[in-house]
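> Dropping in query-v1.txt, with compact mmCIF, C-alpha atoms.
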```txt
# COMPACT_ATOMS: atom_id res chain seq x y z
CA MET A 21 -5.73 -11.24 -6.26
CA HIS A 22 -3.86 -9.42 -3.53
CA GLU A 23 -2.38 -12.64 -2.19
CA MET A 24 -1.45 -13.63 -5.75
CA GLY A 25 0.67 -10.48 -6.02
CA ILE A 26 2.27 -11.23 -2.64
CA ALA A 27 3.03 -14.81 -3.76
CA CYS A 28 4.62 -13.40 -6.92
CA SER A 29 6.87 -11.12 -4.86
CA ILE A 30 7.94 -14.05 -2.66
CA LEU A 31 8.83 -16.17 -5.70
CA GLU A 32 10.84 -13.29 -7.17
CA ALA A 33 12.79 -13.03 -3.92
CA VAL A 34 13.40 -16.80 -3.87
CA GLU A 35 14.68 -16.68 -7.43
CA LYS A 36 16.99 -13.79 -6.59
CA GLU A 37 18.38 -15.75 -3.64
CA ARG A 38 18.80 -18.93 -5.71
CA LYS A 39 21.02 -17.05 -8.13
CA LEU A 40 23.25 -16.04 -5.23
CA HIS A 41 23.74 -19.73 -4.34
CA PRO A 42 24.67 -21.63 -7.51
CA GLY A 43 23.93 -25.34 -7.37
CA CYS A 44 21.58 -25.02 -4.38
CA ARG A 45 17.88 -25.80 -4.75
CA PRO A 46 15.33 -23.88 -2.66
CA TYR A 47 12.63 -26.10 -1.18
CA LYS A 48 11.07 -24.13 1.65
CA VAL A 49 10.57 -20.41 2.26
CA ALA A 50 9.21 -18.88 5.46
CA VAL A 51 7.14 -15.70 5.58
CA ARG A 52 6.06 -13.80 8.69
CA ILE A 53 2.63 -12.18 8.48
CA GLY A 54 1.52 -9.68 11.11
CA GLN A 55 -2.10 -9.48 12.26
CA PHE A 56 -2.49 -6.04 10.62
CA ALA A 57 -0.63 -6.86 7.41
CA GLY A 58 -3.88 -7.31 5.48
CA VAL A 59 -2.76 -10.68 4.13
CA ASP A 60 -4.63 -13.91 4.73
CA GLY A 61 -2.22 -16.79 5.35
CA ASP A 62 -4.51 -19.49 3.92
CA SER A 63 -5.19 -17.48 0.76
CA LEU A 64 -1.50 -16.79 0.34
CA GLN A 65 -0.75 -20.51 0.75
CA PHE A 66 -3.35 -21.35 -1.90
CA CYS A 67 -2.02 -18.76 -4.37
CA PHE A 68 1.60 -19.72 -3.72
CA ASP A 69 0.91 -23.42 -4.33
CA ALA A 70 -1.09 -22.62 -7.46
CA MET A 71 1.81 -20.64 -8.88
CA VAL A 72 4.52 -23.13 -7.92
CA ASN A 73 2.81 -26.37 -8.99
CA GLY A 74 4.00 -27.36 -12.42
CA SER A 75 6.54 -24.54 -12.56
CA ALA A 76 10.34 -24.78 -12.67
CA GLN A 77 10.39 -23.75 -8.99
CA ALA A 78 8.45 -26.86 -7.86
CA PRO A 79 8.71 -28.43 -5.36
CA LEU A 80 8.81 -25.38 -3.13
CA GLU A 81 6.96 -25.13 0.17
CA LEU A 82 5.69 -21.98 1.86
CA GLN A 83 5.73 -21.78 5.64
CA VAL A 84 3.58 -19.03 7.13
CA GLU A 85 4.55 -17.77 10.57
CA PRO A 86 2.30 -15.44 12.61
CA ALA A 87 3.79 -12.10 13.64
CA LEU A 88 2.80 -8.83 15.25
CA GLY A 89 1.74 -5.51 13.73
CA ASP A 90 1.90 -5.08 9.96
CA GLU A 91 5.00 -7.17 9.45
CA LEU A 92 5.17 -8.90 6.08
CA ASP A 93 8.67 -10.26 5.77
CA ILE A 94 10.47 -13.15 4.17
CA ALA A 95 12.22 -14.75 7.15
CA TRP A 96 14.41 -17.49 5.69
CA LEU A 97 14.91 -19.90 2.85
CA GLU A 98 15.92 -23.52 3.09
CA MET A 99 17.91 -25.02 0.25
CA ASP A 100 19.35 -28.40 -0.65
CA GLU A 101 23.09 -28.35 -0.93
CA PRO A 102 24.54 -29.33 -4.28
CA GLU A 103 25.59 -32.95 -4.96
CA PRO A 104 29.34 -33.54 -4.46
CA GLU A 105 30.21 -33.13 -8.13
CA GLU A 106 27.94 -30.06 -8.37
CA ARG A 107 29.43 -28.79 -5.14
CA SER A 108 32.95 -28.78 -6.54
CA LEU A 109 31.70 -26.93 -9.59
CA ALA A 110 29.64 -24.57 -7.47
CA SER A 111 32.60 -23.80 -5.23
CA VAL A 112 34.50 -22.70 -8.32
CA VAL A 113 31.59 -20.53 -9.35
CA SER A 114 31.30 -19.31 -5.72
CA CYS A 115 28.25 -19.68 -3.53
CA GLY A 116 28.20 -16.06 -2.47
CA PRO A 117 29.85 -14.31 0.46
CA ASN A 118 27.18 -15.13 3.06
CA ARG A 119 26.74 -18.80 2.37
CA ARG A 120 29.41 -20.23 4.65
CA GLY A 121 28.29 -18.07 7.54
CA SER A 122 24.65 -19.06 7.05
CA GLN A 123 25.51 -22.76 6.92
CA GLU A 124 27.58 -22.64 10.04
CA ALA A 125 24.97 -20.65 11.89
CA THR A 126 22.11 -23.00 11.19
CA ARG A 127 23.57 -26.49 11.01
CA MET B 7 20.36 -28.55 3.86
CA ILE B 8 21.20 -24.94 4.53
CA GLN B 9 18.95 -22.27 5.93
CA VAL B 10 19.63 -18.79 4.65
CA PRO B 11 18.25 -15.89 6.67
CA ILE B 12 16.55 -13.41 4.34
CA GLU B 13 14.85 -10.89 6.66
CA ARG B 14 13.54 -8.78 3.81
CA LYS B 15 10.14 -7.20 3.32
CA VAL B 16 8.00 -9.17 0.88
CA LEU B 17 7.10 -5.90 -0.84
CA SER B 18 10.64 -4.54 -0.84
CA GLU B 19 10.55 -3.82 -4.59
CA ASN B 20 7.28 -1.89 -4.20
CA ASP B 21 8.79 -0.02 -1.26
CA ARG B 22 11.87 0.87 -3.31
CA VAL B 23 9.74 2.42 -6.07
CA ALA B 24 7.59 4.19 -3.45
CA ALA B 25 10.70 5.71 -1.89
CA VAL B 26 11.74 7.10 -5.28
CA ILE B 27 8.27 8.62 -5.79
CA ARG B 28 8.30 10.11 -2.28
CA SER B 29 11.71 11.61 -2.79
CA ARG B 30 10.76 13.18 -6.12
CA LEU B 31 7.52 14.60 -4.75
CA GLU B 32 9.37 15.93 -1.75
CA ALA B 33 11.73 17.77 -4.08
CA ILE B 34 8.77 19.72 -5.47
CA GLY B 35 6.94 20.06 -2.13
CA THR B 36 3.77 18.21 -3.16
CA LEU B 37 1.48 16.87 -0.42
CA THR B 38 0.39 13.41 -1.54
CA LEU B 39 -2.61 11.70 0.05
CA ASN B 40 -3.82 8.16 -0.59
CA PHE B 41 -7.62 7.76 -0.19
CA ILE B 42 -8.76 4.27 0.74
CA GLY B 43 -12.33 3.11 1.34
CA SER B 44 -14.91 0.49 0.42
CA PRO B 45 -16.61 0.60 -2.97
CA GLY B 46 -19.41 3.15 -2.60
CA ALA B 47 -17.92 4.97 0.41
CA GLY B 48 -18.05 8.16 -1.65
CA LYS B 49 -14.36 8.71 -2.40
CA THR B 50 -14.88 10.17 -5.86
CA ALA B 51 -17.69 12.53 -4.82
CA PHE B 52 -15.58 13.59 -1.83
CA LEU B 53 -12.64 14.41 -4.10
CA GLU B 54 -14.93 16.23 -6.55
CA ARG B 55 -16.15 18.58 -3.86
CA THR B 56 -12.62 18.98 -2.53
CA LEU B 57 -11.41 20.07 -5.98
CA GLN B 58 -14.32 22.52 -6.20
CA MET B 59 -13.39 24.05 -2.86
CA LEU B 60 -9.66 24.47 -3.36
CA PRO B 61 -8.66 28.15 -3.22
CA PRO B 62 -8.07 29.81 -6.61
CA GLY B 63 -4.55 29.29 -7.86
CA THR B 64 -4.12 25.95 -6.08
CA LYS B 65 -2.25 23.39 -8.15
CA ALA B 66 -3.60 19.89 -7.68
CA ALA B 67 -3.64 16.63 -9.60
CA VAL B 68 -5.53 13.38 -9.17
CA LEU B 69 -4.67 9.76 -9.90
CA THR B 70 -7.73 7.55 -9.61
CA GLY B 71 -7.65 3.77 -9.58
CA ASP B 72 -10.35 1.39 -10.68
CA ILE B 73 -10.51 -2.19 -11.80
CA GLN B 74 -12.40 -1.21 -14.96
CA THR B 75 -13.76 1.94 -16.66
CA GLU B 76 -12.57 5.53 -16.76
CA ASN B 77 -15.79 6.84 -15.20
CA ASP B 78 -14.15 8.35 -12.13
CA ALA B 79 -11.48 10.16 -14.14
CA ILE B 80 -14.19 11.65 -16.36
CA ARG B 81 -16.08 12.91 -13.30
CA LEU B 82 -12.99 14.34 -11.64
CA ALA B 83 -11.64 15.98 -14.79
CA ARG B 84 -14.71 18.25 -14.96
CA HIS B 85 -13.19 20.41 -12.25
CA GLY B 86 -10.28 21.71 -14.27
CA PHE B 87 -7.41 19.83 -12.69
CA PRO B 88 -5.19 17.21 -14.35
CA VAL B 89 -6.56 13.72 -13.75
CA GLN B 90 -5.35 10.29 -14.81
CA GLN B 91 -7.21 7.02 -14.49
CA ILE B 92 -5.22 3.94 -13.52
CA THR B 93 -7.21 0.94 -14.72
CA THR B 94 -5.80 -2.06 -12.91
CA GLY B 95 -7.50 -4.64 -15.12
CA GLY B 96 -8.44 -6.87 -12.19
CA ALA B 97 -5.94 -5.97 -9.48
CA CYS B 98 -7.68 -4.98 -6.25
CA HIS B 99 -5.22 -2.23 -5.29
CA LEU B 100 -2.78 0.29 -6.68
CA ASP B 101 0.92 -0.39 -6.29
CA ALA B 102 3.88 1.94 -6.51
CA ARG B 103 4.82 0.83 -10.03
CA MET B 104 1.36 1.76 -11.34
CA VAL B 105 1.60 5.19 -9.74
CA ASP B 106 5.14 5.69 -10.99
CA SER B 107 4.26 4.84 -14.58
CA HIS B 108 1.36 7.32 -14.63
CA LEU B 109 2.75 10.10 -12.51
CA TRP B 110 5.65 11.09 -14.68
CA GLU B 111 3.55 11.27 -17.84
CA TRP B 112 2.58 14.70 -16.56
CA ARG B 113 4.78 17.72 -17.05
CA PHE B 114 5.18 18.07 -13.35
CA GLU B 115 5.10 21.56 -11.99
CA GLU B 116 5.10 22.40 -8.34
CA PHE B 117 1.81 20.76 -7.49
CA ASP B 118 0.51 21.64 -4.06
CA TYR B 119 -1.49 18.43 -3.85
CA LEU B 120 -1.53 15.01 -5.42
CA PHE B 121 -4.66 13.06 -4.51
CA ILE B 122 -4.60 9.32 -5.15
CA GLU B 123 -7.97 7.58 -5.08
CA ASN B 124 -7.26 3.91 -4.52
CA VAL B 125 -9.36 1.01 -5.79
CA GLY B 126 -12.44 0.51 -3.58
CA ASN B 127 -11.20 -1.98 -1.00
CA LEU B 128 -10.36 -1.77 2.71
CA VAL B 129 -7.86 -4.62 2.79
CA CYS B 130 -5.40 -4.91 -0.08
CA PRO B 131 -4.48 -1.22 -0.65
CA THR B 132 -3.39 -1.06 2.98
CA SER B 133 -0.26 -3.11 2.28
CA TYR B 134 1.08 -1.00 -0.58
CA ASP B 135 3.10 2.15 -0.03
CA LEU B 136 2.51 4.47 -2.98
CA GLY B 137 5.01 7.11 -1.89
CA GLU B 138 2.26 9.11 -0.19
CA ASP B 139 2.60 11.39 2.81
CA GLY B 140 -0.46 9.92 4.45
CA LYS B 141 -3.37 7.54 4.07
CA ILE B 142 -6.94 8.73 4.56
CA VAL B 143 -9.68 6.19 5.16
CA VAL B 144 -13.18 7.05 3.93
CA LEU B 145 -16.05 5.33 5.77
CA SER B 146 -19.66 6.09 4.91
CA VAL B 147 -22.61 5.94 7.28
CA ALA B 148 -24.30 3.54 4.85
CA GLU B 149 -21.81 0.93 6.04
CA GLY B 150 -21.58 -0.66 9.48
CA GLU B 151 -20.08 1.35 12.32
CA ASP B 152 -17.96 -1.69 13.22
CA LYS B 153 -15.84 -1.42 10.05
CA PRO B 154 -12.81 -0.22 12.07
CA MET B 155 -12.91 -3.44 14.09
CA LYS B 156 -13.42 -5.59 11.01
CA TYR B 157 -10.64 -3.93 9.00
CA PRO B 158 -8.17 -2.72 11.64
CA GLY B 159 -5.20 -2.56 9.28
CA ILE B 160 -6.29 0.52 7.35
CA PHE B 161 -7.62 2.32 10.44
CA ARG B 162 -4.27 1.72 12.11
CA LYS B 163 -2.34 3.18 9.18
CA ALA B 164 -4.63 6.11 8.33
CA GLU B 165 -3.95 9.50 9.85
CA LEU B 166 -7.49 10.73 9.15
CA MET B 167 -10.88 9.06 8.98
CA ILE B 168 -13.50 10.78 6.86
CA LEU B 169 -16.93 9.77 8.10
CA ASN B 170 -18.82 10.44 4.91
CA LYS B 171 -22.44 10.74 3.78
CA VAL B 172 -23.62 12.12 7.14
CA ASP B 173 -26.65 13.56 5.30
CA LEU B 174 -27.98 9.97 5.37
CA LEU B 175 -27.89 9.71 9.16
CA PRO B 176 -31.64 10.35 9.63
CA TYR B 177 -32.37 7.36 7.40
CA VAL B 178 -29.86 4.73 8.56
CA PRO B 179 -29.27 3.07 11.94
CA PHE B 180 -25.61 4.16 11.99
CA GLN B 181 -24.17 5.40 15.29
CA PRO B 182 -21.30 7.85 14.58
CA VAL B 183 -20.18 7.85 18.22
CA LEU B 184 -19.64 4.10 18.08
CA ALA B 185 -17.78 4.29 14.77
CA CYS B 186 -15.43 6.95 16.20
CA GLU B 187 -14.94 4.94 19.38
CA TYR B 188 -14.04 1.82 17.40
CA ALA B 189 -11.62 3.77 15.19
CA ARG B 190 -9.91 5.29 18.24
CA ASN B 191 -9.69 1.88 19.88
CA ILE B 192 -7.56 0.88 16.89
CA LYS B 193 -5.65 4.18 16.68
CA PRO B 194 -6.21 6.65 19.53
CA GLU B 195 -4.60 9.60 17.69
CA ILE B 196 -6.56 9.26 14.43
CA ASP B 197 -8.21 12.51 13.28
CA ILE B 198 -11.90 12.21 12.38
CA ILE B 199 -13.98 14.59 10.27
CA GLU B 200 -17.68 14.05 9.49
CA THR B 201 -18.61 15.13 5.98
CA SER B 202 -21.31 15.09 3.35
CA SER B 203 -20.21 15.57 -0.23
CA LEU B 204 -23.85 16.21 -1.12
CA THR B 205 -24.53 19.09 1.29
CA GLY B 206 -20.95 20.21 1.94
CA ALA B 207 -21.27 19.60 5.69
CA GLY B 208 -17.88 19.25 7.34
CA PHE B 209 -15.93 20.46 4.33
CA GLY B 210 -14.81 23.59 6.16
CA ASP B 211 -13.07 21.39 8.73
CA TRP B 212 -11.67 19.15 5.99
CA MET B 213 -10.26 22.01 3.92
CA ALA B 214 -8.67 23.50 7.06
CA TRP B 215 -7.11 20.10 7.89
CA LEU B 216 -5.82 19.83 4.33
CA ASP B 217 -4.29 23.29 4.43
CA ARG B 218 -2.59 22.63 7.77
CA ARG B 219 -1.20 19.35 6.45
CA ARG B 220 0.10 21.09 3.30
CA ILE B 221 1.86 23.78 5.33
CA THR B 222 3.43 21.15 7.60
CA LYS B 223 4.67 19.25 4.53
CA HIS B 224 5.96 22.41 2.88
CA ASN B 225 7.89 23.42 6.00
CA LEU B 226 9.37 19.94 6.24
CA CYS B 227 10.43 20.10 2.60
CA LEU B 228 12.06 23.51 3.07
CA ASN B 229 14.38 21.89 5.59
CA SER B 230 15.03 18.85 3.40
CA PRO B 231 18.13 18.55 1.19
CA ALA B 232 15.85 17.18 -1.57
CA PHE B 233 13.99 20.49 -1.82
CA ALA B 234 15.42 22.48 -4.71
```
Translate the structure of the given file into C-alpha cells.


Amino acid sequence: MHEMGIACSILEAVEKERKLHPGCRPYKVAVRIGQFAGVDGDSLQFCFDAMVNGSAQAPLELQVEPALGDELDIAWLEMDEPEPEERSLASVVSCGPNRRGSQEATR
Amino acid sequence: MIQVPIERKVLSENDRVAAVIRSRLEAIGTLTLNFIGSPGAGKTAFLERTLQMLPPGTKAAVLTGDIQTENDAIRLARHGFPVQQITTGGACHLDARMVDSHLWEWRFEEFDYLFIENVGNLVCPTSYDLGEDGKIVVLSVAEGEDKPMKYPGIFRKAELMILNKVDLLPYVPFQPVLACEYARNIKPEIDIIETSSLTGAGFGDWMAWLDRRRITKHNLCLNSPAFA
C-alpha cells in the first residue's frame, strides 16, 4: 500500500514533466531510494508496473537506483523525441525552457 | 531520446502540504508530535495517560489515525480534549493531506500541543512528513529488543524513543539495555524514556521532556516572523 502511494506520486511527476515537453513520450523514469527511506525497491517496481500496465502511460519503465540515507528522489526521465512532423508542431508549441539544455547535456 | 534531469523528491507534494501545516502551527506556537509504533505498542494508552497528566489549563488536541474504526478517538475523547479520528480506509500511514483536511475543521485556538497518533506501522509512516516538530517512536517490551536494527528508518528519524509497557518486564525475556544500545547504534543522540501507561512509571520524566520541548518550541516561535 505504501509503495502504491509512492508509485502514484512518481506517475504524477512523470505526467507533470510530459506536459512540459509537448510531443515527447516518457518511457523510462529513474528513482533513487536510500537505505533508510522505508521503501522496498522490488515492491515499488511491482506496484509501478501494476499501475502502468494497460494505462495511457504504458509503456513506461521504472529504474530503481540505490542511494544513501533516506533519499527518495526522482532522478531523471527519458523520453522519445517527437517524429519530424510532430517535432515541427511541438517546436511551435514550445518544448519548455529547459529542454534544449537537457538534450545537449545528455546526448 | 532525451534525458531530462528531474532531481525532485518523490513526495514533494506531501512535503509542500506539510510545510504549510508547519508554518500555520508555528504561527500559533503549537508543539506538534507524531507518534509512530507497531500495532499494539501502546500508543493510544500512552496518549490517554499523557492527556490525564497535562497540567490544568493546558490546551491540547489529538489526531489519531487508523485503518478502520473510531475506537481510538472514542478512548482519547474521554479525557476532555478535542480529538479527531482519521480513518485511512486501508492506507498504512497518515500523509500530510489527511492531516491538513482534518486539522482545520477545528476552530483553532492557541493549542499548546497537537499529538498525532499515526497508523500502527514502523515502516510506511516514516516517509511522510506531517508538518510535525518531531517524531516519537513507541516500542513496547512485548516486542523484540532488536526492533531498532530491523526498522532503522524510524529510529534514525525519531528524537525520542518511548520504551513502553515496562510493567511487563518481569514476564517477558526483553532486555531493555540491549534495546537502548541498538537504538543508539542507529542514532546516538536519541532520547529514551521507559514508561508504563498502566502504572504511570516514567511519566514524570516524559511530562518533563514534553514541557521542555514545548518551551523550546515556544521560544523558537517567539523569534519567528510567522509568530503573530

> State, in Å with one decimal place, the distance from CA of Tyr47 in chain A to CA of Asn20 in chain B.

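Pair CA of Tyr47 in chain A / CA of Asn20 in chain B returns 25.0 Å.
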
> Given all atoms listed in the file, how would the per-residue table for chain A near chain B read, listing every residue at most 7 Å away with its closest atom pair and distance in Å to one decimal, sorted by chain and number, as CSV?


```
residue,atom,partner,partner_atom,distance
A:Met21,CA,B:Ala97,CA,6.2
A:His22,CA,B:Cys130,CA,5.9
A:Ser29,CA,B:Val16,CA,6.2
A:Ile30,CA,B:Val16,CA,6.0
A:Phe56,CA,B:Gly159,CA,4.6
A:Ala57,CA,B:Ser133,CA,6.4
A:Gly58,CA,B:Val129,CA,5.5
A:Leu92,CA,B:Val16,CA,5.9
A:Asp93,CA,B:Lys15,CA,4.2
A:Ile94,CA,B:Arg14,CA,5.4
A:Ala95,CA,B:Glu13,CA,4.7
A:Trp96,CA,B:Pro11,CA,4.3
A:Leu97,CA,B:Val10,CA,5.2
A:Glu98,CA,B:Gln9,CA,4.3
A:Met99,CA,B:Ile8,CA,5.4
A:Asp100,CA,B:Met7,CA,4.6
A:Glu101,CA,B:Met7,CA,5.5
A:Ser122,CA,B:Val10,CA,5.6
A:Gln123,CA,B:Ile8,CA,5.4
A:Thr126,CA,B:Gln9,CA,6.2
```

> Next, write the just-selected residues to a file, as a PDB file, keeping the file's coordinate frame, keeping C-alpha atoms as the atom set.


```pdb
ATOM      1  CA  MET A  21      -5.730 -11.240  -6.260  1.00  0.00           C
ATOM      2  CA  HIS A  22      -3.860  -9.420  -3.530  1.00  0.00           C
ATOM      3  CA  SER A  29       6.870 -11.120  -4.860  1.00  0.00           C
ATOM      4  CA  ILE A  30       7.940 -14.050  -2.660  1.00  0.00           C
ATOM      5  CA  PHE A  56      -2.490  -6.040  10.620  1.00  0.00           C
ATOM      6  CA  ALA A  57      -0.630  -6.860   7.410  1.00  0.00           C
ATOM      7  CA  GLY A  58      -3.880  -7.310   5.480  1.00  0.00           C
ATOM      8  CA  LEU A  92       5.170  -8.900   6.080  1.00  0.00           C
ATOM      9  CA  ASP A  93       8.670 -10.260   5.770  1.00  0.00           C
ATOM     10  CA  ILE A  94      10.470 -13.150   4.170  1.00  0.00           C
ATOM     11  CA  ALA A  95      12.220 -14.750   7.150  1.00  0.00           C
ATOM     12  CA  TRP A  96      14.410 -17.490   5.690  1.00  0.00           C
ATOM     13  CA  LEU A  97      14.910 -19.900   2.850  1.00  0.00           C
ATOM     14  CA  GLU A  98      15.920 -23.520   3.090  1.00  0.00           C
ATOM     15  CA  MET A  99      17.910 -25.020   0.250  1.00  0.00           C
ATOM     16  CA  ASP A 100      19.350 -28.400  -0.650  1.00  0.00           C
ATOM     17  CA  GLU A 101      23.090 -28.350  -0.930  1.00  0.00           C
ATOM     18  CA  SER A 122      24.650 -19.060   7.050  1.00  0.00           C
ATOM     19  CA  GLN A 123      25.510 -22.760   6.920  1.00  0.00           C
ATOM     20  CA  THR A 126      22.110 -23.000  11.190  1.00  0.00           C
TER      21      THR A 126
END
```

> Name the residues in contact with range 33-46 of chain B at a cut-off of 7 Å, using only C-alpha atoms, excluding same-chain residues fewer than 4 positions from it; report them as a VMD selection string.

chain B and resid 29 116 to 124 126 to 128 138 to 145 220 223 to 224 227 232 to 234

> Pick out the residues sitting within 12 Å of Gly208 in chain B, and hand them over as a ChimeraX atom specification; count only C-alpha atoms, and ignore anything fewer than 6 positions along from it in its own chain.

/B:52,55-56,168-173,198-202,214-215

> Could you tell me how far CA of Arg52 in chain A sits from CA of Val34 in chain A, in Å to one decimal place?

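One can read the CA of Val34 in chain A to CA of Arg52 in chain A distance as 14.9 Å.
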
> In the coordinate frame of the file, compute which residues have an atom within 12 Å of (-8.5, 11.1, -18.7) when using only C-alpha atoms, and state them as an MDAnalysis selection string.

chainID B and resid 67:71 75:84 86:93 108 112

> What separation in Å, quoted to one decimal, exists between CA of Leu100 in chain B and CA of Leu53 in chain B?

17.4 Å

> Starting from the incomplete input, reconstruct N, CA, C and O atoms of range 59-71 of chain A and report them as a PDB file, in the coordinates of the input.


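Result file is rebuild.pdb:
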```
ATOM      1  N   VAL A  59      -3.002  -9.504   4.987  1.00  0.00           N
ATOM      2  CA  VAL A  59      -2.760 -10.680   4.130  1.00  0.00           C
ATOM      3  C   VAL A  59      -3.271 -11.912   4.855  1.00  0.00           C
ATOM      4  O   VAL A  59      -2.950 -12.142   6.023  1.00  0.00           O
ATOM      5  N   ASP A  60      -4.081 -12.699   4.148  1.00  0.00           N
ATOM      6  CA  ASP A  60      -4.630 -13.910   4.730  1.00  0.00           C
ATOM      7  C   ASP A  60      -3.684 -15.082   4.436  1.00  0.00           C
ATOM      8  O   ASP A  60      -3.393 -15.375   3.276  1.00  0.00           O
ATOM      9  N   GLY A  61      -3.209 -15.719   5.500  1.00  0.00           N
ATOM     10  CA  GLY A  61      -2.220 -16.790   5.350  1.00  0.00           C
ATOM     11  C   GLY A  61      -2.717 -17.942   4.495  1.00  0.00           C
ATOM     12  O   GLY A  61      -1.986 -18.449   3.640  1.00  0.00           O
ATOM     13  N   ASP A  62      -3.970 -18.351   4.689  1.00  0.00           N
ATOM     14  CA  ASP A  62      -4.510 -19.490   3.920  1.00  0.00           C
ATOM     15  C   ASP A  62      -4.617 -19.136   2.434  1.00  0.00           C
ATOM     16  O   ASP A  62      -4.294 -19.943   1.567  1.00  0.00           O
ATOM     17  N   SER A  63      -5.077 -17.901   2.165  1.00  0.00           N
ATOM     18  CA  SER A  63      -5.190 -17.480   0.760  1.00  0.00           C
ATOM     19  C   SER A  63      -3.818 -17.406   0.111  1.00  0.00           C
ATOM     20  O   SER A  63      -3.639 -17.797  -1.051  1.00  0.00           O
ATOM     21  N   LEU A  64      -2.862 -16.890   0.878  1.00  0.00           N
ATOM     22  CA  LEU A  64      -1.500 -16.790   0.340  1.00  0.00           C
ATOM     23  C   LEU A  64      -0.957 -18.178   0.033  1.00  0.00           C
ATOM     24  O   LEU A  64      -0.345 -18.409  -1.018  1.00  0.00           O
ATOM     25  N   GLN A  65      -1.213 -19.120   0.950  1.00  0.00           N
ATOM     26  CA  GLN A  65      -0.750 -20.510   0.750  1.00  0.00           C
ATOM     27  C   GLN A  65      -1.360 -21.077  -0.538  1.00  0.00           C
ATOM     28  O   GLN A  65      -0.664 -21.701  -1.347  1.00  0.00           O
ATOM     29  N   PHE A  66      -2.657 -20.841  -0.707  1.00  0.00           N
ATOM     30  CA  PHE A  66      -3.350 -21.350  -1.900  1.00  0.00           C
ATOM     31  C   PHE A  66      -2.737 -20.761  -3.172  1.00  0.00           C
ATOM     32  O   PHE A  66      -2.431 -21.474  -4.129  1.00  0.00           O
ATOM     33  N   CYS A  67      -2.552 -19.435  -3.174  1.00  0.00           N
ATOM     34  CA  CYS A  67      -2.020 -18.760  -4.370  1.00  0.00           C
ATOM     35  C   CYS A  67      -0.579 -19.201  -4.641  1.00  0.00           C
ATOM     36  O   CYS A  67      -0.197 -19.436  -5.793  1.00  0.00           O
ATOM     37  N   PHE A  68       0.198 -19.314  -3.574  1.00  0.00           N
ATOM     38  CA  PHE A  68       1.600 -19.720  -3.720  1.00  0.00           C
ATOM     39  C   PHE A  68       1.673 -21.113  -4.351  1.00  0.00           C
ATOM     40  O   PHE A  68       2.413 -21.338  -5.316  1.00  0.00           O
ATOM     41  N   ASP A  69       0.896 -22.045  -3.800  1.00  0.00           N
ATOM     42  CA  ASP A  69       0.910 -23.420  -4.330  1.00  0.00           C
ATOM     43  C   ASP A  69       0.450 -23.452  -5.782  1.00  0.00           C
ATOM     44  O   ASP A  69       1.019 -24.176  -6.608  1.00  0.00           O
ATOM     45  N   ALA A  70      -0.574 -22.638  -6.085  1.00  0.00           N
ATOM     46  CA  ALA A  70      -1.090 -22.620  -7.460  1.00  0.00           C
ATOM     47  C   ALA A  70      -0.023 -22.124  -8.430  1.00  0.00           C
ATOM     48  O   ALA A  70       0.075 -22.607  -9.565  1.00  0.00           O
ATOM     49  N   MET A  71       0.776 -21.182  -7.991  1.00  0.00           N
ATOM     50  CA  MET A  71       1.810 -20.640  -8.880  1.00  0.00           C
ATOM     51  C   MET A  71       3.007 -21.581  -9.003  1.00  0.00           C
ATOM     52  O   MET A  71       3.626 -21.670 -10.056  1.00  0.00           O
TER      53      MET A  71
END
```
